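Report on the structure given below.
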Amino acid sequence: MGKYSVIGKRVPRIDAKEKVMGQAKYAADYSLADMLWCKVARAPFAHAKILNIDTSKAERLPGVKAVITGKDFNGWTWGFMATTRDEPPLAVDKVRYLHEGVAAVAAIDEDIAEEACELIKVDYEELPGVFDPEEAMKPGAPVIHAYRPNNVSVEYHWNFGDVEKAFAESYLIREDRFETGRVVTGFLEPPASLAYYDPSGYITVWPAKQSPYFHYRHLAGCFRLPLSKIRVIQPYIGGGFGGTKNDSVAGDLCTVMLSKKTGKPVKFIYTMQEVLTTCRRRHNMTIYNKMGMTKDGILTAVESRVIGHGGAYTAIGPLTMFLTGYGTPVPYKLPNYKYDCWRVFTNNPVSAAMRGHGFTHTRFACDAQMGMMAEELGIDPVEIKMRNAIDNPKPGEVYKAVTGFKVKTCGIKEALKAVTEDTIWADRDKMPRQEGPVSYGVGLSGTAYHGGARQLGHQSCAATIRICEDGTVNLITGATDCGQGSDTVLAMIAAEELGVRYEDISIKRVDTAYTPVDPGSYGSRVTLLAGQATQFAARDAKKQLLEAGAKAWKVKPDDIEIRNAVVSLKTNPEKQMSFEKLTKIACYEGAGAVILGRGHSDYGIDEPLDFDHGTGEGGINFSFTAQTVRLGVDMETGKIDVHDFIIAHDAGVPLHPVSVESQNEGGAIQGLGQAIYECFVMEKGKTHNSTLLDYKMPRSTDVPDIKVIDIITNDPDGPFGAKEASEGSHVSTPPAVIDALHSATGVWFKELPVTPEKIVKALKEQGKWMK
């Protein structure tokens with residue numbers, strides 16, 4: 001890293017001052033004169049026909065300016081693919097989950113808007129509901145959508161190699177049922193937006209969106225306007241993690257419609273109860289996994305049958321189910337693979353994307369099952385992983401997975417070596433295994449995640465570099481920093497490429513009227529794709545500057561270098577000028593010039609994704625993560641205390657070590673929540689734990705000591721060798737925790753989250769409970 005001036009340095013985050021000083025403005029902080037407030041009226045049934053909606057009493061309430069229903073949207077619906085756009089902003093003919101929006105109000109304040117919602121009279125005919133996906137697939141089950149009479153919104157059936165032959169030749173076969181929990185993203189900033197539909201027909205919104213150009217397209221489609229008349233101005237984002245802040249919600253669209261009707265700005269802020277009862281959740285999945293091995297513990301085949309709990313609408317479900325299967329052939333060599341999946345409609349809230357999208361489910365199942373098989377075969381758990389792990393390809397070579405995607409760099413073996421040489425694992429037998437009722441265990445996982453997601457539709461990122469005549473630089477991109485620190489990394493890339501100081505780079509927030517269109521912040525793509533675009537834009541601007549300097553010095557552009565904001569001659573380093581002087585020469589000499597550098601990512605989809613058959617390249621590269629966990633279990637109460645995480649993460653080259661570490665830590669804690677704390681308690685579509693008091697997320701006091709180890713692989717396709725560093729530890733944590741729980745209790749837990757109640761029940765069943 002010594003060859004770089006900025007890359008690899010522990011510089012402060014570019015937005016640190018605004019956030020620490022309380023100057024960062026989030027969506028809920030915006031207001032305009034004469035602004036109205038929006039509230040959504042919600043259904044009291046999980047499944048019911050809407051017979052009639054009477055809004056007259058609400059409209060007569062003093063302070064109410066407009067009321068809308070689903071019919072105001074003229075049949076517009078949205079979703080991931082043209083064939084699955086089945087979700088209206090407000091329910092029209094029937095409601096499909098509890099608290100689905102049926103009407104919305106604009107009033108002069110929030111209290112009046114809420115009161116007006118209570119005055120809206122809706123006549124319903126309650127319908128039988130179905131809440132379990134396997135029940136929903138059975139003949140005669142209530143039908144959620146007429147266009148899917150079997151309630152299956154998406155299904156794929158992939159087959160690679162000869163799975164049956166491989167199983168017939170296997171020494172050991174295991175079949176297990178796994179289940180991941182119903183979890184939510186857990187951001188503290190709820191969805192909010194301020195919208196203004198002005199008299200000239202332009203829409204301007206200030207929404208809490210991590211992928212603002214998704215919403216930009218939704219608004220254009222919903223209101224039948226050209227994209228040039230949609231302006232999304234992005235505030236700071238108080239955590240994203242996918243799902244709700246990638247997609248639109250009822251309030252996002254209702255505020256615009258109400259603004260159109262009233263001619264006034266309209267604002268909404270969801271309550272946390274609305275978030276926890278109506279907003280997007282991670283798909284919880286039932287995974288029937290069958291795995292074969294030789295006597296030496298070499299993988300022969302995997303067959304996964306996955307049922308995705310989809311909820312009431314399709315949303316991004318087709319991609320979720322693709323990624324759930326796509327992630328199985330890494331990080332271990334898998335010669336034969338079969339994947340059958342069904343995403344099923346139920347009368348529960350909608351399931352969508354969340355950090356670790358898709359990979360989280362099957363990597364948990366496969367990694368846990370490998371541990372079970374290692375135990376049966378009497379093979380050390382580290383050894384069985386090392387025997388199966390993908391080798392790091394030599395430069396210029398690739399590893400090709402059974403499904404066809406390519407891996408150019410892989411640090412999984414080095415990561416496994418790093419975490420198992422650390423004292424937490426290496427000295428585990430020297431540590432006390434039992435102290436009173438508390439039994440201690442250490443667990444291990446080895447997982448992977450893709451970065452630089454390249455899926456369907458528009459995928460290219462772009463950037464513009466504007467050189468100011470005083471030597472400072474404006475970086476303009478459509479990419480969104482939703483808390484992960486990508487603005488800092490993009491500024492570092494720009495500074496390194498230009499040869500200027502990091503503090504001389506200013507990055508502008510997304511405003512679709514000025515910033516280039518961008519696919520969004522999902523699939524760990526910003527550093528890789530927006531980073532490449534920034535590189536190209538910086539090189540373009542630098543080329544123009546060097547040409548101006550070469551003309552002034554009467555040399556060739558290649559004879560000049562710029563480093564640390566100093567311009568010098570390579571053959572005579574003492575011949576120098578400041579970067580500021582070079583910019584003045586470039587801007588002022590002769591007729592003058594405006595130095596603008598432009599770039600866009602050119603990682604095209606060389607092998608387009610085929611969702612139906614499981615082929616294609618879903619991203620730029622893969623990160624690899626090994627993790628150990630040390631924890632204690634009270635064998636009387638089932639209480640778990642997690643003490644240590646050791647995370648070895650292959651991020652290619654860590655461009656900003658502070659961000660790499662903090663993202664690994666944050667992802668791991670989210671994964672910990674998924675493993676042992678978080679789960680919606682549901683009954684016939686009703687969420688019983690709809691507050692953060694009852695929905696149990698890890699607190700600061702639950703966070704273990706975390707050590708992050710960088711595994712350097714210098715990937716050829718990432719800018720400066722980078723890979724993703726924000727989702728890998730989220731995927732690696734649950735299987736490592738499950739392995740540690742087995743080490744402590746002797747029980748293999750297959751359903752997440754593993755709560756104290758589940759532990760006590762399992763201990764009683766196996767006669768291990770300490771009364």
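A note on labels: chains of the structure tokens are A, B, ... as shown, every chain counts residues from 1, and ligands are counted from 1 in their shown order.
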
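For Ala651 of chain A, the non-local neighbours within 9 Å, defined as residues at least 4 positions apart in the same chain or in other chains and counting only C-alpha atoms, are Gly411, Phe622, Ser623, Phe624, Thr625, Leu655, Val660, Asp710, Ile711, Ile712, Thr713, Asn714, Asp715, Gly721, Ala722, Lys723, Glu724 and Ala725 of chain A.
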
As a short mmCIF file (atom, residue, chain, number, x, y, z; two decimals) with all heavy atoms, in the first residue's frame, please: the residues near segment 239-243 of chain A (cut-off 12 Å, only C-alpha atoms, same-chain neighbours under 4 positions excluded).
data_model
loop_
_atom_site.label_atom_id
_atom_site.label_comp_id
_atom_site.auth_asym_id
_atom_site.auth_seq_id
_atom_site.Cartn_x
_atom_site.Cartn_y
_atom_site.Cartn_z
N TYR A 26 -31.64 14.81 7.25
CA TYR A 26 -32.29 13.58 6.79
C TYR A 26 -33.68 13.95 6.25
O TYR A 26 -34.14 15.08 6.39
CB TYR A 26 -32.36 12.58 7.94
CG TYR A 26 -30.98 12.17 8.43
CD1 TYR A 26 -30.28 12.94 9.35
CD2 TYR A 26 -30.36 11.03 7.92
CE1 TYR A 26 -29.02 12.58 9.76
CE2 TYR A 26 -29.09 10.66 8.34
CZ TYR A 26 -28.42 11.44 9.26
OH TYR A 26 -27.16 11.08 9.66
N VAL A 183 -36.97 -11.44 9.79
CA VAL A 183 -36.21 -10.32 10.34
C VAL A 183 -36.40 -9.07 9.49
O VAL A 183 -36.79 -9.12 8.33
CB VAL A 183 -34.71 -10.66 10.47
CG1 VAL A 183 -34.50 -11.80 11.44
CG2 VAL A 183 -34.09 -11.00 9.13
N VAL A 184 -36.08 -7.93 10.10
CA VAL A 184 -36.23 -6.64 9.45
C VAL A 184 -34.88 -5.97 9.39
O VAL A 184 -33.95 -6.34 10.12
CB VAL A 184 -37.25 -5.78 10.22
CG1 VAL A 184 -36.67 -5.27 11.53
CG2 VAL A 184 -37.79 -4.64 9.37
N THR A 185 -34.75 -4.97 8.52
CA THR A 185 -33.46 -4.31 8.33
C THR A 185 -32.96 -3.64 9.60
O THR A 185 -31.77 -3.62 9.87
CB THR A 185 -33.57 -3.27 7.20
OG1 THR A 185 -34.75 -2.49 7.40
CG2 THR A 185 -33.64 -3.95 5.85
N GLY A 186 -33.84 -3.02 10.36
CA GLY A 186 -33.44 -2.48 11.66
C GLY A 186 -32.86 -1.08 11.64
O GLY A 186 -32.19 -0.68 12.59
N PHE A 187 -33.11 -0.32 10.57
CA PHE A 187 -32.63 1.07 10.57
C PHE A 187 -33.36 1.87 11.63
O PHE A 187 -34.51 1.60 11.98
CB PHE A 187 -32.81 1.70 9.19
CG PHE A 187 -34.16 1.45 8.56
CD1 PHE A 187 -35.32 1.98 9.09
CD2 PHE A 187 -34.27 0.68 7.42
CE1 PHE A 187 -36.55 1.76 8.52
CE2 PHE A 187 -35.50 0.45 6.82
CZ PHE A 187 -36.65 1.00 7.38
N LEU A 188 -32.71 2.93 12.14
CA LEU A 188 -33.35 3.80 13.13
C LEU A 188 -34.13 4.93 12.46
O LEU A 188 -35.06 5.48 13.05
CB LEU A 188 -32.31 4.39 14.07
CG LEU A 188 -31.68 3.39 15.04
CD1 LEU A 188 -30.66 4.08 15.94
CD2 LEU A 188 -32.74 2.71 15.90
N GLU A 189 -33.75 5.30 11.24
CA GLU A 189 -34.47 6.34 10.51
C GLU A 189 -35.61 5.70 9.73
O GLU A 189 -35.38 4.92 8.82
CB GLU A 189 -33.54 7.06 9.53
CG GLU A 189 -34.25 8.13 8.72
CD GLU A 189 -33.61 8.39 7.36
OE1 GLU A 189 -32.96 7.48 6.80
OE2 GLU A 189 -33.79 9.50 6.84
N PRO A 190 -36.86 6.01 10.07
CA PRO A 190 -37.98 5.39 9.33
C PRO A 190 -38.13 6.03 7.95
O PRO A 190 -37.58 7.10 7.68
CB PRO A 190 -39.18 5.71 10.22
CG PRO A 190 -38.80 6.97 10.91
CD PRO A 190 -37.32 6.90 11.13
N PRO A 191 -38.90 5.39 7.06
CA PRO A 191 -39.18 6.00 5.75
C PRO A 191 -39.84 7.36 5.93
O PRO A 191 -40.71 7.54 6.79
CB PRO A 191 -40.14 5.00 5.10
CG PRO A 191 -39.86 3.71 5.77
CD PRO A 191 -39.51 4.06 7.18
N ALA A 208 -36.09 9.31 1.81
CA ALA A 208 -35.07 8.47 2.45
C ALA A 208 -34.89 7.22 1.60
O ALA A 208 -35.49 6.18 1.87
CB ALA A 208 -35.49 8.12 3.87
N LYS A 209 -34.06 7.32 0.56
CA LYS A 209 -33.88 6.22 -0.38
C LYS A 209 -32.40 5.95 -0.62
O LYS A 209 -31.66 6.87 -0.98
CB LYS A 209 -34.55 6.54 -1.72
CG LYS A 209 -36.05 6.65 -1.66
CD LYS A 209 -36.69 5.34 -1.27
CE LYS A 209 -38.15 5.50 -0.96
NZ LYS A 209 -38.71 4.35 -0.24
N GLN A 210 -31.99 4.70 -0.44
CA GLN A 210 -30.60 4.35 -0.72
C GLN A 210 -30.38 4.11 -2.20
O GLN A 210 -29.23 4.08 -2.66
CB GLN A 210 -30.19 3.12 0.09
CG GLN A 210 -30.85 1.81 -0.35
CD GLN A 210 -30.46 0.66 0.54
OE1 GLN A 210 -30.91 0.58 1.68
NE2 GLN A 210 -29.63 -0.24 0.04
N SER A 211 -31.45 3.91 -2.96
CA SER A 211 -31.36 3.76 -4.42
C SER A 211 -32.36 4.72 -5.04
O SER A 211 -33.44 4.32 -5.50
CB SER A 211 -31.65 2.32 -4.84
OG SER A 211 -30.67 1.44 -4.32
N PRO A 212 -32.04 6.02 -5.04
CA PRO A 212 -33.04 7.03 -5.42
C PRO A 212 -33.53 6.91 -6.85
O PRO A 212 -34.66 7.32 -7.16
CB PRO A 212 -32.32 8.36 -5.19
CG PRO A 212 -30.87 8.02 -5.15
CD PRO A 212 -30.78 6.64 -4.61
N PHE A 214 -34.34 4.21 -8.36
CA PHE A 214 -35.49 3.30 -8.39
C PHE A 214 -36.77 4.12 -8.24
O PHE A 214 -37.72 3.98 -9.01
CB PHE A 214 -35.43 2.30 -7.21
CG PHE A 214 -34.47 1.16 -7.38
CD1 PHE A 214 -33.55 1.12 -8.41
CD2 PHE A 214 -34.50 0.10 -6.48
CE1 PHE A 214 -32.68 0.05 -8.54
CE2 PHE A 214 -33.64 -0.97 -6.59
CZ PHE A 214 -32.71 -1.00 -7.63
N PRO A 235 -31.44 13.30 0.67
CA PRO A 235 -30.90 13.70 1.97
C PRO A 235 -29.85 12.70 2.44
O PRO A 235 -29.54 11.72 1.75
CB PRO A 235 -32.13 13.66 2.89
CG PRO A 235 -33.31 13.47 1.98
CD PRO A 235 -32.80 12.77 0.77
N ASP A 247 -36.74 0.23 -2.19
CA ASP A 247 -38.01 0.22 -2.89
C ASP A 247 -38.84 1.44 -2.50
O ASP A 247 -38.43 2.26 -1.68
CB ASP A 247 -38.75 -1.08 -2.53
CG ASP A 247 -39.65 -1.58 -3.64
OD1 ASP A 247 -40.03 -0.76 -4.50
OD2 ASP A 247 -39.96 -2.78 -3.65
N SER A 248 -40.02 1.56 -3.11
CA SER A 248 -40.98 2.58 -2.70
C SER A 248 -41.97 1.97 -1.71
O SER A 248 -42.19 0.76 -1.70
CB SER A 248 -41.73 3.11 -3.92
OG SER A 248 -40.85 3.72 -4.84
N VAL A 249 -42.57 2.82 -0.88
CA VAL A 249 -43.63 2.40 0.01
C VAL A 249 -44.85 3.28 -0.26
O VAL A 249 -44.77 4.28 -0.98
CB VAL A 249 -43.21 2.50 1.51
CG1 VAL A 249 -42.05 1.55 1.80
CG2 VAL A 249 -42.85 3.94 1.88
N VAL A 275 -43.32 0.74 10.34
CA VAL A 275 -42.16 0.05 9.77
C VAL A 275 -42.22 -1.44 10.12
O VAL A 275 -42.04 -2.31 9.26
CB VAL A 275 -40.84 0.66 10.29
CG1 VAL A 275 -39.65 -0.19 9.89
CG2 VAL A 275 -40.67 2.08 9.76
N THR A 278 -45.63 -3.09 8.43
CA THR A 278 -46.01 -2.98 7.02
C THR A 278 -44.85 -2.93 6.05
O THR A 278 -45.06 -3.15 4.86
CB THR A 278 -46.88 -1.74 6.78
OG1 THR A 278 -46.07 -0.56 6.88
CG2 THR A 278 -48.02 -1.66 7.78
N CYS A 279 -43.66 -2.61 6.53
CA CYS A 279 -42.54 -2.41 5.59
C CYS A 279 -41.86 -3.72 5.20
O CYS A 279 -42.11 -4.78 5.77
CB CYS A 279 -41.53 -1.43 6.19
SG CYS A 279 -42.11 0.28 6.12
N ARG A 280 -40.97 -3.63 4.21
CA ARG A 280 -40.29 -4.79 3.68
C ARG A 280 -39.48 -5.52 4.76
O ARG A 280 -38.85 -4.91 5.60
CB ARG A 280 -39.32 -4.39 2.56
CG ARG A 280 -39.92 -3.60 1.40
CD ARG A 280 -41.02 -4.34 0.71
NE ARG A 280 -41.25 -3.85 -0.64
CZ ARG A 280 -42.44 -3.59 -1.15
NH1 ARG A 280 -43.52 -3.71 -0.40
NH2 ARG A 280 -42.56 -3.19 -2.39
N ARG A 281 -39.51 -6.87 4.67
CA ARG A 281 -38.73 -7.72 5.58
C ARG A 281 -37.82 -8.61 4.74
O ARG A 281 -38.03 -8.77 3.54
CB ARG A 281 -39.67 -8.61 6.39
CG ARG A 281 -40.72 -7.82 7.15
CD ARG A 281 -41.74 -8.72 7.81
NE ARG A 281 -42.64 -7.92 8.66
CZ ARG A 281 -43.44 -8.42 9.56
NH1 ARG A 281 -43.50 -9.73 9.75
NH2 ARG A 281 -44.21 -7.64 10.29
N ARG A 282 -36.83 -9.20 5.40
CA ARG A 282 -36.06 -10.23 4.71
C ARG A 282 -36.97 -11.44 4.48
O ARG A 282 -37.81 -11.77 5.33
CB ARG A 282 -34.85 -10.66 5.54
CG ARG A 282 -33.97 -11.65 4.77
CD ARG A 282 -33.01 -12.39 5.68
NE ARG A 282 -31.93 -11.60 6.21
CZ ARG A 282 -30.87 -11.18 5.51
NH1 ARG A 282 -30.77 -11.45 4.22
NH2 ARG A 282 -29.92 -10.48 6.09
N HIS A 283 -36.79 -12.11 3.34
CA HIS A 283 -37.47 -13.39 3.16
C HIS A 283 -36.98 -14.36 4.23
O HIS A 283 -35.77 -14.58 4.37
CB HIS A 283 -37.10 -14.02 1.81
CG HIS A 283 -37.71 -13.34 0.62
ND1 HIS A 283 -37.25 -12.14 0.13
CD2 HIS A 283 -38.74 -13.71 -0.17
CE1 HIS A 283 -37.96 -11.80 -0.93
NE2 HIS A 283 -38.87 -12.73 -1.14
N ALA A 315 -42.60 -7.96 -5.25
CA ALA A 315 -41.48 -7.06 -5.01
C ALA A 315 -40.24 -7.54 -5.76
O ALA A 315 -40.30 -7.85 -6.95
CB ALA A 315 -41.24 -6.91 -3.51
N ILE A 316 -39.12 -7.69 -5.06
CA ILE A 316 -37.86 -8.09 -5.71
C ILE A 316 -37.62 -9.59 -5.62
O ILE A 316 -36.52 -10.08 -5.87
CB ILE A 316 -36.69 -7.29 -5.08
CG1 ILE A 316 -35.50 -7.23 -6.04
CG2 ILE A 316 -36.29 -7.87 -3.72
CD1 ILE A 316 -34.42 -6.25 -5.63
N GLY A 317 -38.67 -10.34 -5.29
CA GLY A 317 -38.57 -11.77 -5.06
C GLY A 317 -37.86 -12.59 -6.12
O GLY A 317 -37.11 -13.51 -5.79
N THR A 320 -34.22 -12.36 -5.37
CA THR A 320 -33.91 -13.02 -4.11
C THR A 320 -33.73 -14.52 -4.30
O THR A 320 -32.76 -15.12 -3.83
CB THR A 320 -35.02 -12.77 -3.08
OG1 THR A 320 -35.21 -11.37 -2.91
CG2 THR A 320 -34.69 -13.42 -1.74
N VAL A 350 -44.85 -7.94 3.01
CA VAL A 350 -44.04 -8.27 1.83
C VAL A 350 -42.58 -8.53 2.22
O VAL A 350 -41.99 -7.81 3.03
CB VAL A 350 -44.09 -7.11 0.82
CG1 VAL A 350 -43.33 -7.47 -0.46
CG2 VAL A 350 -45.54 -6.75 0.50
N SER A 351 -42.01 -9.56 1.62
CA SER A 351 -40.59 -9.88 1.81
C SER A 351 -39.78 -9.32 0.64
O SER A 351 -40.25 -9.33 -0.49
CB SER A 351 -40.39 -11.39 1.90
OG SER A 351 -41.08 -11.93 3.00
N ALA A 352 -38.58 -8.87 0.94
CA ALA A 352 -37.74 -8.27 -0.10
C ALA A 352 -36.27 -8.47 0.24
O ALA A 352 -35.90 -9.41 0.93
CB ALA A 352 -38.09 -6.79 -0.26
N ALA A 353 -35.42 -7.57 -0.25
CA ALA A 353 -33.97 -7.70 -0.08
C ALA A 353 -33.54 -7.21 1.30
O ALA A 353 -34.19 -6.36 1.91
CB ALA A 353 -33.24 -6.90 -1.15
N MET A 354 -32.44 -7.76 1.77
CA MET A 354 -31.78 -7.26 2.97
C MET A 354 -30.31 -7.63 2.88
O MET A 354 -29.94 -8.56 2.16
CB MET A 354 -32.40 -7.84 4.24
CG MET A 354 -31.82 -7.27 5.52
SD MET A 354 -32.63 -7.95 7.00
CE MET A 354 -31.39 -7.56 8.24
N ARG A 355 -29.48 -6.89 3.56
CA ARG A 355 -28.03 -7.10 3.59
C ARG A 355 -27.69 -8.60 3.58
O ARG A 355 -28.23 -9.39 4.35
CB ARG A 355 -27.47 -6.46 4.85
CG ARG A 355 -25.96 -6.30 4.90
CD ARG A 355 -25.60 -5.68 6.22
NE ARG A 355 -24.31 -5.00 6.17
CZ ARG A 355 -23.87 -4.19 7.12
NH1 ARG A 355 -24.62 -3.94 8.18
NH2 ARG A 355 -22.68 -3.61 7.03
N GLY A 356 -26.76 -8.98 2.68
CA GLY A 356 -26.44 -10.40 2.52
C GLY A 356 -27.45 -11.11 1.65
O GLY A 356 -27.59 -12.33 1.71
N HIS A 357 -28.12 -10.36 0.80
CA HIS A 357 -29.28 -10.77 0.01
C HIS A 357 -29.11 -12.16 -0.61
O HIS A 357 -28.20 -12.39 -1.40
CB HIS A 357 -29.51 -9.72 -1.09
CG HIS A 357 -30.81 -9.84 -1.80
ND1 HIS A 357 -31.06 -9.18 -2.99
CD2 HIS A 357 -31.94 -10.54 -1.51
CE1 HIS A 357 -32.28 -9.46 -3.40
NE2 HIS A 357 -32.83 -10.28 -2.52
N GLY A 358 -29.98 -13.07 -0.22
CA GLY A 358 -30.01 -14.40 -0.80
C GLY A 358 -28.97 -15.34 -0.23
O GLY A 358 -29.31 -16.42 0.28
N THR A 480 -25.06 6.39 -4.23
CA THR A 480 -25.58 6.82 -2.92
C THR A 480 -24.77 6.23 -1.77
O THR A 480 -24.56 5.03 -1.71
CB THR A 480 -27.04 6.37 -2.77
OG1 THR A 480 -27.82 7.03 -3.76
CG2 THR A 480 -27.58 6.71 -1.40
N ASP A 481 -24.37 7.11 -0.87
CA ASP A 481 -23.82 6.67 0.41
C ASP A 481 -24.98 6.62 1.39
O ASP A 481 -25.53 7.65 1.78
CB ASP A 481 -22.75 7.65 0.88
CG ASP A 481 -21.99 7.14 2.10
OD1 ASP A 481 -22.58 6.39 2.90
OD2 ASP A 481 -20.81 7.50 2.25
N CYS A 482 -25.39 5.40 1.76
CA CYS A 482 -26.51 5.25 2.70
C CYS A 482 -26.00 4.89 4.09
O CYS A 482 -26.68 4.24 4.86
CB CYS A 482 -27.50 4.22 2.19
SG CYS A 482 -26.81 2.61 1.74
N GLY A 483 -24.74 5.30 4.38
CA GLY A 483 -24.16 5.04 5.68
C GLY A 483 -22.94 4.15 5.63
O GLY A 483 -22.20 4.03 6.61
N GLN A 484 -22.68 3.52 4.46
CA GLN A 484 -21.59 2.56 4.37
C GLN A 484 -20.22 3.21 4.16
O GLN A 484 -19.20 2.55 4.24
CB GLN A 484 -21.86 1.54 3.24
CG GLN A 484 -21.60 2.04 1.83
CD GLN A 484 -22.80 2.71 1.21
OE1 GLN A 484 -23.51 3.45 1.85
NE2 GLN A 484 -23.02 2.48 -0.08
N GLY A 485 -20.19 4.53 3.88
CA GLY A 485 -18.92 5.22 3.72
C GLY A 485 -18.42 5.28 2.29
O GLY A 485 -17.25 5.60 2.06
N GLY A 520 -28.02 2.18 -8.14
CA GLY A 520 -28.40 2.20 -6.73
C GLY A 520 -27.39 1.52 -5.83
O GLY A 520 -26.43 0.90 -6.28
N SER A 521 -27.63 1.65 -4.53
CA SER A 521 -26.77 1.05 -3.52
C SER A 521 -27.37 -0.28 -3.08
O SER A 521 -28.26 -0.33 -2.22
CB SER A 521 -26.61 1.97 -2.31
OG SER A 521 -25.78 3.04 -2.62
N TYR A 522 -26.93 -1.34 -3.69
CA TYR A 522 -27.37 -2.70 -3.35
C TYR A 522 -26.32 -3.65 -3.91
O TYR A 522 -25.52 -3.29 -4.78
CB TYR A 522 -28.74 -3.02 -3.94
CG TYR A 522 -28.80 -2.93 -5.45
CD1 TYR A 522 -28.50 -4.03 -6.24
CD2 TYR A 522 -29.13 -1.75 -6.09
CE1 TYR A 522 -28.51 -3.94 -7.62
CE2 TYR A 522 -29.15 -1.66 -7.47
CZ TYR A 522 -28.84 -2.75 -8.24
OH TYR A 522 -28.85 -2.66 -9.61
N GLY A 523 -26.30 -4.87 -3.41
CA GLY A 523 -25.39 -5.88 -3.95
C GLY A 523 -23.93 -5.48 -3.87
O GLY A 523 -23.13 -5.89 -4.71
N SER A 524 -23.56 -4.65 -2.88
CA SER A 524 -22.15 -4.26 -2.68
C SER A 524 -21.52 -3.81 -4.00
O SER A 524 -20.47 -4.29 -4.41
CB SER A 524 -21.36 -5.41 -2.07
OG SER A 524 -21.72 -5.62 -0.74
N GLN A 663 -17.60 -1.72 8.60
CA GLN A 663 -18.63 -2.48 7.88
C GLN A 663 -18.61 -3.95 8.28
O GLN A 663 -19.67 -4.58 8.40
CB GLN A 663 -18.43 -2.32 6.37
CG GLN A 663 -18.84 -0.97 5.83
CD GLN A 663 -20.32 -0.70 6.03
OE1 GLN A 663 -21.17 -1.39 5.48
NE2 GLN A 663 -20.64 0.31 6.83
N GLY A 666 -20.28 -3.96 11.73
CA GLY A 666 -21.72 -3.74 11.66
C GLY A 666 -22.45 -4.92 11.04
O GLY A 666 -23.51 -5.33 11.53
N GLY A 667 -21.89 -5.46 9.96
CA GLY A 667 -22.51 -6.62 9.32
C GLY A 667 -22.57 -7.81 10.25
O GLY A 667 -23.57 -8.55 10.29
N GLN A 670 -25.33 -7.32 12.86
CA GLN A 670 -26.64 -7.62 12.25
C GLN A 670 -26.83 -9.12 12.10
O GLN A 670 -27.92 -9.65 12.35
CB GLN A 670 -26.75 -6.95 10.88
CG GLN A 670 -27.54 -5.67 10.89
CD GLN A 670 -27.85 -5.16 9.50
OE1 GLN A 670 -27.10 -5.33 8.56
NE2 GLN A 670 -28.99 -4.51 9.37
N SER A 726 -18.97 -5.03 2.92
CA SER A 726 -20.09 -4.60 3.75
C SER A 726 -21.11 -5.69 4.03
O SER A 726 -21.99 -5.50 4.87
CB SER A 726 -20.82 -3.41 3.09
OG SER A 726 -21.38 -3.80 1.85
N GLU A 727 -21.03 -6.82 3.33
CA GLU A 727 -22.06 -7.85 3.51
C GLU A 727 -21.49 -9.22 3.87
O GLU A 727 -22.22 -10.07 4.38
CB GLU A 727 -22.91 -7.96 2.24
CG GLU A 727 -23.58 -6.64 1.88
CD GLU A 727 -24.60 -6.75 0.77
OE1 GLU A 727 -25.68 -7.32 1.01
OE2 GLU A 727 -24.32 -6.26 -0.34
N HIS A 730 -21.94 -10.39 7.43
CA HIS A 730 -23.34 -10.67 7.77
C HIS A 730 -23.67 -12.12 7.41
O HIS A 730 -24.44 -12.79 8.12
CB HIS A 730 -24.25 -9.72 6.98
CG HIS A 730 -25.68 -9.77 7.40
ND1 HIS A 730 -26.26 -8.81 8.19
CD2 HIS A 730 -26.66 -10.67 7.16
CE1 HIS A 730 -27.52 -9.12 8.42
NE2 HIS A 730 -27.80 -10.25 7.80
#

Original post:
Quick one: residues within 10 Å of Ala136 of chain A, only C-alpha atoms counted, chain neighbours fewer than 5 positions away excluded, as a PyMOL selection string?
Top reply: chain A and resi 129-131+141-144+150-152+344-347

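Taking only C-alpha atoms, the non-local environment of Val658 of chain A within 8 Å (same-chain residues fewer than 2 positions away omitted) comprises A:Arg10, A:Val11, A:His656, A:Val660, A:Glu661, A:Ser662.
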
Original post:
What does the distance from atom CA of Glu303 of chain A to atom CA of Val330 of chain A come to in Å, to one decimal?
Top reply: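 For atom CA of Glu303 of chain A relative to atom CA of Val330 of chain A, the distance reads 14.4 Å.
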
**OP:** Could you please write out, as a VMD selection string, every residue of segment 137-318 of chain A that DSSP assigns to alpha helix (DSSP H)?
**Re:** chain A and resid 163 to 168 212 to 222 250 to 262 272 to 278 317 to 318

**OP:** Rank A:Gly292, A:Gly140, A:Pro756, A:Pro381 by their smallest atom-to-atom distance to Ala736 of chain A, using only C-alpha atoms, and report the top residue only.
**Re:**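 Nearest to Ala736 of chain A: A:Pro381.
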
Would you mind listing, for every residue of segment 205-320 of chain A within 12 Å of segment 13-19 of chain A, the two atoms forming the shortest contact and the distance between them in Å to one decimal, using only C-alpha atoms, sorted by chain and ascending residue number, as JSON lines?
{"residue": "A:Tyr236", "atom": "CA", "partner": "A:Lys19", "partner_atom": "CA", "distance": 9.2}
{"residue": "A:Ile237", "atom": "CA", "partner": "A:Lys19", "partner_atom": "CA", "distance": 10.9}
{"residue": "A:Gly238", "atom": "CA", "partner": "A:Lys19", "partner_atom": "CA", "distance": 10.5}

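Minimum atom-to-atom distances from A:Leu569, A:Val232, A:Leu276, A:Gly638 to Gly478 of chain A were compared using only C-alpha atoms, and the lowest value belongs to A:Val232.
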